[in-house]
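One file, protein_34.cif, is given below (mmCIF, C-alpha atoms).
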data_structure
#
loop_
_atom_site.label_atom_id
_atom_site.label_comp_id
_atom_site.auth_asym_id
_atom_site.auth_seq_id
_atom_site.Cartn_x
_atom_site.Cartn_y
_atom_site.Cartn_z
CA MET W 232 5.16 1.72 -18.69
CA SER W 233 7.48 1.63 -15.72
CA LEU W 234 9.78 4.51 -14.91
CA VAL W 235 12.47 2.17 -13.60
CA PRO W 236 15.81 2.73 -15.34
CA ASP W 237 17.32 -0.21 -17.21
CA SER W 238 20.29 -0.18 -14.85
CA LEU W 239 18.04 -0.97 -11.91
CA VAL W 240 16.30 -3.79 -13.76
CA GLY W 241 19.70 -5.27 -14.53
CA PHE W 242 20.67 -4.98 -10.88
CA ILE W 243 17.56 -6.93 -9.90
CA THR W 244 17.96 -9.68 -12.45
CA SER W 245 21.57 -10.25 -11.49
CA ARG W 246 20.56 -11.22 -7.97
CA ARG W 247 20.46 -14.93 -7.17
CA LEU W 248 17.70 -16.43 -5.09
CA PRO W 249 18.14 -18.71 -2.05
CA ASP W 250 19.75 -22.04 -2.88
CA GLY W 251 16.80 -23.89 -1.34
CA LEU W 252 14.68 -23.01 -4.37
CA ALA W 253 16.93 -24.82 -6.83
CA GLU W 254 15.31 -28.21 -6.32
CA ARG W 255 11.82 -26.74 -6.64
CA VAL W 256 12.78 -25.09 -9.94
CA ARG W 257 13.89 -28.47 -11.24
CA GLN W 258 10.66 -30.11 -10.01
CA LEU W 259 8.52 -27.48 -11.74
CA GLU W 260 10.47 -27.77 -14.97
CA SER W 261 10.12 -31.56 -14.94
CA GLY W 262 6.42 -31.48 -14.08
CA GLU W 263 6.89 -33.28 -10.77
CA VAL W 264 5.02 -30.51 -8.94
CA GLU W 265 2.42 -27.92 -9.92
CA PRO W 266 2.60 -24.22 -9.01
CA VAL W 267 0.64 -23.25 -5.90
CA PRO W 268 -2.42 -21.11 -6.77
CA ALA W 269 -1.90 -17.41 -6.09
CA ARG W 270 -4.23 -15.81 -3.54
CA ASP W 271 -5.85 -12.45 -4.38
CA ALA W 272 -4.29 -9.71 -2.27
CA ALA W 273 -4.03 -5.93 -2.00
CA THR W 274 -1.27 -3.63 -0.79
CA VAL W 275 -1.23 0.13 -0.26
CA MET W 276 1.56 2.67 -0.55
CA LEU W 277 0.66 5.34 2.02
CA LEU W 278 2.30 8.66 1.17
CA ARG W 279 3.00 11.85 3.09
CA GLU W 280 5.24 14.92 2.69
CA ARG W 281 7.89 15.82 5.25
CA ASP W 282 10.82 18.26 5.00
CA GLY W 283 10.20 18.88 1.32
CA ALA W 284 10.19 15.20 0.38
CA THR W 285 7.55 12.56 -0.28
CA GLN W 286 7.76 9.59 2.06
CA VAL W 287 6.13 6.15 1.91
CA TYR W 288 5.18 3.99 4.88
CA THR W 289 7.01 0.65 5.12
CA LEU W 290 7.04 -2.27 7.52
CA ARG W 291 9.78 -4.85 8.05
CA ARG W 292 8.23 -8.29 8.33
CA GLN W 293 9.09 -10.40 11.36
CA ARG W 294 11.97 -12.78 10.65
CA THR W 295 9.75 -15.64 11.79
CA MET W 296 7.20 -15.07 8.99
CA ASN W 297 6.89 -17.82 6.39
CA PHE W 298 6.72 -15.33 3.51
CA GLY W 299 8.97 -12.31 3.01
CA ALA W 300 10.70 -12.74 6.35
CA GLY W 301 12.91 -9.74 7.14
CA MET W 302 11.71 -7.87 4.04
CA TYR W 303 10.38 -4.32 3.96
CA VAL W 304 6.85 -4.20 2.54
CA PHE W 305 3.82 -1.93 2.32
CA PRO W 306 0.68 -2.62 4.37
CA GLY W 307 -1.39 -5.32 2.72
CA GLY W 308 -2.56 -8.91 2.67
CA SER W 309 -4.98 -11.47 1.31
CA VAL W 310 -8.58 -10.77 0.40
CA ASP W 311 -11.13 -11.97 2.98
CA PRO W 312 -14.18 -13.51 1.23
CA ARG W 313 -16.35 -11.10 3.25
CA ASP W 314 -14.58 -8.12 1.65
CA ALA W 315 -16.93 -8.58 -1.32
CA SER W 316 -20.02 -7.82 0.78
CA ASP W 317 -22.46 -5.39 -0.84
CA ALA W 318 -23.34 -4.28 2.69
CA THR W 319 -20.06 -2.35 2.92
CA GLY W 320 -20.69 1.39 2.65
CA TRP W 321 -18.94 2.84 -0.39
CA VAL W 322 -17.96 6.31 -1.63
CA GLY W 323 -16.01 7.04 -4.80
CA PRO W 324 -15.40 5.26 -8.12
CA GLU W 325 -17.71 2.30 -8.49
CA PRO W 326 -16.33 -1.26 -8.55
CA ALA W 327 -16.80 -1.32 -12.34
CA GLU W 328 -14.19 1.44 -12.70
CA TRP W 329 -11.72 -0.46 -10.53
CA ALA W 330 -12.52 -3.59 -12.51
CA ALA W 331 -11.50 -1.83 -15.71
CA ALA W 332 -8.27 -0.56 -14.16
CA PHE W 333 -7.20 -4.00 -12.90
CA SER W 334 -8.85 -6.12 -15.62
CA VAL W 335 -10.93 -8.11 -13.15
CA SER W 336 -14.62 -8.66 -12.40
CA ALA W 337 -16.55 -5.98 -10.52
CA ASP W 338 -16.99 -8.36 -7.58
CA LEU W 339 -13.25 -8.96 -7.29
CA ALA W 340 -12.58 -5.25 -7.74
CA ARG W 341 -14.86 -4.48 -4.77
CA SER W 342 -13.06 -7.12 -2.72
CA LEU W 343 -9.64 -5.70 -3.60
CA VAL W 344 -10.54 -2.13 -2.66
CA CYS W 345 -12.11 -3.27 0.60
CA ALA W 346 -9.11 -5.49 1.36
CA ALA W 347 -6.82 -2.52 0.73
CA VAL W 348 -8.74 -0.41 3.25
CA ARG W 349 -9.02 -3.21 5.82
CA GLU W 350 -5.38 -4.33 5.62
CA THR W 351 -4.11 -0.76 5.84
CA PHE W 352 -6.06 -0.26 9.04
CA GLU W 353 -4.97 -3.61 10.46
CA GLU W 354 -1.26 -3.01 9.80
CA SER W 355 -0.86 0.73 10.26
CA GLY W 356 -3.91 2.00 12.16
CA VAL W 357 -4.77 4.28 9.22
CA LEU W 358 -8.39 4.07 8.07
CA LEU W 359 -9.36 5.22 4.58
CA ALA W 360 -13.00 5.64 5.50
CA GLY W 361 -15.43 8.34 6.52
CA PRO W 362 -19.13 9.06 7.09
CA ASP W 363 -19.50 10.58 3.60
CA GLU W 364 -17.56 11.81 0.59
CA HIS W 365 -16.62 15.04 2.34
CA SER W 366 -14.83 13.71 5.41
CA VAL W 367 -12.39 11.09 6.66
CA VAL W 368 -12.05 9.62 10.13
CA ALA W 369 -9.74 11.97 12.02
CA ASP W 370 -8.40 9.74 14.81
CA THR W 371 -8.24 5.97 15.24
CA SER W 372 -5.95 5.75 18.25
CA GLY W 373 -8.43 5.02 21.06
CA GLU W 374 -8.85 1.69 22.86
CA ASP W 375 -12.17 1.07 21.13
CA TRP W 376 -10.48 1.40 17.74
CA GLU W 377 -7.78 -0.98 18.83
CA ALA W 378 -10.39 -3.54 19.90
CA ASP W 379 -11.98 -3.32 16.45
CA ARG W 380 -8.60 -3.62 14.74
CA ARG W 381 -7.84 -6.81 16.62
CA ALA W 382 -11.29 -8.19 15.83
CA LEU W 383 -10.65 -7.55 12.14
CA LEU W 384 -7.30 -9.29 12.45
CA ASP W 385 -8.71 -12.45 14.00
CA ARG W 386 -11.67 -12.35 11.59
CA THR W 387 -14.33 -12.19 14.30
CA LEU W 388 -15.42 -8.93 12.71
CA SER W 389 -15.88 -8.20 9.00
CA LEU W 390 -15.09 -4.89 7.36
CA ALA W 391 -18.79 -4.37 6.54
CA GLU W 392 -19.81 -4.94 10.16
CA PHE W 393 -17.04 -2.69 11.45
CA LEU W 394 -17.92 0.22 9.18
CA ASP W 395 -21.68 -0.15 9.59
CA ARG W 396 -21.41 -0.07 13.37
CA ARG W 397 -19.47 3.18 13.17
CA GLY W 398 -21.55 4.75 10.41
CA LEU W 399 -18.65 4.81 7.97
CA CYS W 400 -18.07 4.09 4.30
CA VAL W 401 -15.02 2.94 2.37
CA ARG W 402 -13.47 6.02 0.76
CA ALA W 403 -12.57 4.41 -2.54
CA ASP W 404 -11.92 7.90 -3.94
CA LEU W 405 -8.84 8.19 -1.71
CA LEU W 406 -7.15 5.27 -3.45
CA ARG W 407 -5.54 5.04 -6.89
CA PRO W 408 -4.62 1.86 -8.80
CA TRP W 409 -0.89 1.43 -9.36
CA ALA W 410 0.33 -2.06 -10.33
CA HIS W 411 -0.40 -5.78 -10.55
CA TRP W 412 2.18 -8.40 -9.55
CA ILE W 413 1.95 -12.16 -9.12
CA THR W 414 4.49 -14.11 -7.07
CA PRO W 415 6.74 -16.35 -9.23
CA GLU W 416 5.48 -19.90 -9.71
CA VAL W 417 8.52 -21.32 -7.93
CA GLU W 418 7.44 -19.87 -4.58
CA PRO W 419 5.57 -22.22 -2.20
CA LYS W 420 3.33 -19.33 -1.10
CA ARG W 421 1.98 -17.04 -3.79
CA PHE W 422 -0.09 -13.86 -4.06
CA ASP W 423 -1.91 -12.18 -6.92
CA THR W 424 -1.43 -8.64 -5.64
CA ARG W 425 -2.88 -5.34 -6.79
CA PHE W 426 -0.97 -2.26 -5.65
CA PHE W 427 -2.76 0.92 -4.62
CA VAL W 428 -1.47 4.37 -3.67
CA ALA W 429 -3.10 6.79 -1.21
CA ALA W 430 -2.28 9.97 0.68
CA MET W 431 -2.07 9.82 4.46
CA PRO W 432 -5.38 11.26 5.78
CA THR W 433 -5.09 14.55 7.64
CA GLY W 434 -5.26 14.11 11.40
CA GLN W 435 -4.54 10.40 11.45
CA ARG W 436 -1.25 8.85 12.46
CA THR W 437 0.31 5.46 12.01
CA ARG W 438 0.80 3.15 14.94
CA GLU W 439 3.34 0.37 15.33
CA PHE W 440 1.99 -3.15 15.86
CA GLY W 441 3.96 -6.30 16.46
CA GLU W 442 1.79 -8.99 14.91
CA GLU W 443 3.71 -9.17 11.62
CA ALA W 444 6.26 -6.34 11.63
CA ASP W 445 9.23 -5.74 13.92
CA GLN W 446 9.98 -2.27 12.54
CA VAL W 447 8.15 0.47 10.66
CA GLU W 448 9.55 3.46 8.83
CA TRP W 449 8.48 6.44 6.76
CA ILE W 450 11.12 6.78 4.06
CA ALA W 451 11.66 8.70 0.82
CA PRO W 452 11.32 6.13 -2.01
CA GLY W 453 14.61 7.15 -3.62
CA VAL W 454 16.43 6.77 -0.31
CA ALA W 455 14.95 3.29 0.09
CA VAL W 456 16.26 2.29 -3.35
CA GLU W 457 19.75 3.52 -2.46
CA ARG W 458 19.65 1.65 0.82
CA TRP W 459 18.70 -1.50 -1.06
CA LYS W 460 21.61 -1.04 -3.44
CA ALA W 461 23.92 -0.69 -0.43
CA GLY W 462 22.59 -3.91 1.09
CA GLN W 463 21.00 -2.04 4.00
CA MET W 464 17.36 -2.75 3.20
CA ARG W 465 15.87 -6.03 2.01
CA VAL W 466 12.95 -5.77 -0.41
CA MET W 467 11.42 -8.02 -3.06
CA PRO W 468 11.39 -6.96 -6.74
CA PRO W 469 7.78 -5.67 -6.75
CA THR W 470 8.46 -3.43 -3.76
CA LEU W 471 11.78 -2.25 -5.17
CA ILE W 472 10.38 -1.35 -8.58
CA THR W 473 7.40 0.39 -7.00
CA LEU W 474 9.74 2.42 -4.80
CA ALA W 475 11.76 3.44 -7.87
CA GLU W 476 8.57 4.45 -9.68
CA LEU W 477 7.38 6.53 -6.73
CA ALA W 478 10.77 8.26 -6.56
CA GLU W 479 10.09 9.84 -9.97
CA PHE W 480 7.43 12.11 -8.45
CA LYS W 481 8.15 15.16 -6.32
CA THR W 482 4.91 15.49 -4.36
CA VAL W 483 2.04 13.35 -3.17
CA ALA W 484 -0.35 15.25 -5.46
CA GLU W 485 1.89 14.56 -8.47
CA THR W 486 2.05 10.88 -7.55
CA LEU W 487 -1.73 10.54 -7.30
CA ALA W 488 -2.15 12.38 -10.60
CA GLY W 489 0.48 10.15 -12.18
CA ALA W 490 -1.48 7.07 -11.19
CA ALA W 491 -4.24 8.14 -13.57
CA ASP W 492 -1.83 7.88 -16.52
CA ARG W 493 -0.62 4.37 -15.75
CA HIS W 494 -1.53 1.37 -17.86
CA ILE W 495 -1.55 -1.51 -15.41
CA ARG W 496 -0.07 -4.72 -16.77
CA LEU W 497 0.31 -8.04 -15.06
CA ILE W 498 3.90 -8.75 -14.06
CA MET W 499 4.91 -12.22 -12.90
CA PRO W 500 8.70 -12.61 -12.56
CA GLY W 501 10.12 -15.92 -13.61
CA VAL W 502 13.20 -17.78 -12.41
CA ALA W 503 15.83 -19.82 -14.20
CA MET W 504 18.76 -22.04 -13.35
CA ARG W 505 22.19 -20.79 -14.33
CA GLY W 506 24.42 -23.65 -13.44
CA ASP W 507 23.58 -24.37 -9.82
CA GLU W 508 22.22 -20.88 -9.14
CA VAL W 509 18.61 -19.66 -9.26
CA HIS W 510 18.13 -16.19 -10.77
CA VAL W 511 15.16 -13.83 -11.11
CA LEU W 512 13.91 -13.20 -14.64
CA LEU W 513 12.22 -9.83 -15.03
CA ASP W 514 11.20 -9.10 -18.61
CA ALA W 515 11.82 -5.44 -19.47
CA GLU W 516 8.72 -5.64 -21.71
CA ASP W 517 6.57 -6.08 -18.61
CA ARG W 518 7.82 -3.06 -16.73
#
As a first step, turn the structure in this file into structure tokens.
Amino acid sequence: MSLVPDSLVGFITSRRLPDGLAERVRQLESGEVEPVPARDAATVMLLRERDGATQVYTLRRQRTMNFGAGMYVFPGGSVDPRDASDATGWVGPEPAEWAAAFSVSADLARSLVCAAVRETFEESGVLLAGPDEHSVVADTSGEDWEADRRALLDRTLSLAEFLDRRGLCVRADLLRPWAHWITPEVEPKRFDTRFFVAAMPTGQRTREFGEEADQVEWIAPGVAVERWKAGQMRVMPPTLITLAELAEFKTVAETLAGAADRHIRLIMPGVAMRGDEVHVLLDAEDR
């Protein structure tokens, strides 16, 4: 059950989508085109506490990107087939537990957790990994770490190879499952995304990279929602609703504990034509 107030859901559903989608909506409704398959993906809400408030790490996607251009997002991206490798060191809840949380196979669950760790490192420099269950990497800011990050980005290095070379394991116990969203069928590029939440590891710091983002920001979730309402921050419905849900918790510890009580349901917003306008359809039953 989502903690998003009905007033916010109404605010979302009243928003019209770009006019360029109108023709595609008509084509889908008539059967002229088929929806593009959604790619499995993972995204992570990194949390920290500053000045008595919980903050989440966000990136604004480059305006030249072909998906979510100019939008604020959390670190994340598509699953790499190699993320499923059994060779990847692992600490924490077994893939079967993640499979139950997200209603997927154990193999896909392993891939999603590994993708979450890999993408977070690629896009923020934060690595949710350590040599064992008692410790986490303390610093990833050196030139050697940057070389590995770039190798992961261009896929010349797999997560399993990266961690094995450094004697590290994925710290699956640092992550919590949060939500499951699929991009609407009208979109030409679609993702089947599982959302995770994690606390910022002690000693590590985020770094700003320019491959996909032109701005990064730690922000209190409630402040982000207000900025969106004021037209000062562009976010897609999954990000907005997640921000509103996070804003209901006072501390990082409370947020992580709250994740254990969530029943994760698939949410796939629809769209509909109202005259010549395309509008988001977000069923309150699916919140």
Could you list, as a list in words, every residue within 9 Å of Leu277 of chain W, counting only C-alpha atoms and ignoring same-chain residues fewer than 3 positions away? Gln286, Val287, Tyr288, Thr289, Phe305, Pro306, Thr351, Phe427, Val428, Ala429, Ala430 and Met431 of chain W
Residue nearest Gly301 of chain W among W:Asp445, W:Glu263, W:Glu350, W:Glu439 (counting only C-alpha atoms):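 Selected residue with least distance to Gly301 of chain W: W:Asp445.
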Written as a list in words, what is the full residue list that the PyMOL selection byres ((chain W and resi 338) around 12) yields on the file shown?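 For this structure, the PyMOL selection byres ((chain W and resi 338) around 12) resolves to Val310, Pro312, Arg313, Asp314, Ala315, Ser316, Asp317, Glu325, Pro326, Ala327, Glu328, Trp329, Ala330, Ala331, Phe333, Ser334, Val335, Ser336, Ala337, Leu339, Ala340, Arg341, Ser342, Leu343, Val344 and Cys345 of chain W.
When all atoms listed in the file are used to compute distances to Val275 of chain W, the closest of the residues W:Ala253, W:Leu358, W:Ala391, W:Ala475 turns out to be W:Leu358.
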Long-range neighbours of Asp395 of chain W as a ChimeraX atom specification, 10 Å cut-off, all atoms listed in the file, 6 positions minimum in chain: /W:318-320,362,389
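Nearest to Asp282 of chain W of all the residues W:Ala451, W:Arg496, W:Gln463, W:Trp412 is W:Ala451, based on only C-alpha atoms.
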So the first atom is atom CA of Val357 of chain W and the second is atom CA of Leu399 of chain W; what is the distance between them in Å, to one decimal place? 13.9 Å
Exercise: residues within 7 Å of coordinate (-1.4, -18.0, -4.6), counting only C-alpha atoms, as a PDB file with C-alpha atoms, in the frame of the given file:
ATOM      1  CA  VAL W 267       0.640 -23.250  -5.900  1.00  0.00           C
ATOM      2  CA  PRO W 268      -2.420 -21.110  -6.770  1.00  0.00           C
ATOM      3  CA  ALA W 269      -1.900 -17.410  -6.090  1.00  0.00           C
ATOM      4  CA  ARG W 270      -4.230 -15.810  -3.540  1.00  0.00           C
ATOM      5  CA  LYS W 420       3.330 -19.330  -1.100  1.00  0.00           C
ATOM      6  CA  ARG W 421       1.980 -17.040  -3.790  1.00  0.00           C
ATOM      7  CA  PHE W 422      -0.090 -13.860  -4.060  1.00  0.00           C
ATOM      8  CA  ASP W 423      -1.910 -12.180  -6.920  1.00  0.00           C
TER       9      ASP W 423
END
Interatomic distance between atom CA of Asp271 of chain W and atom CA of Val368 of chain W? 27.1 Å
Suppose you want the space between atom CA of Pro408 of chain W and atom CA of Leu384 of chain W; what is it in Å?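 Atom CA of Pro408 of chain W sits 24.1 Å away from atom CA of Leu384 of chain W.
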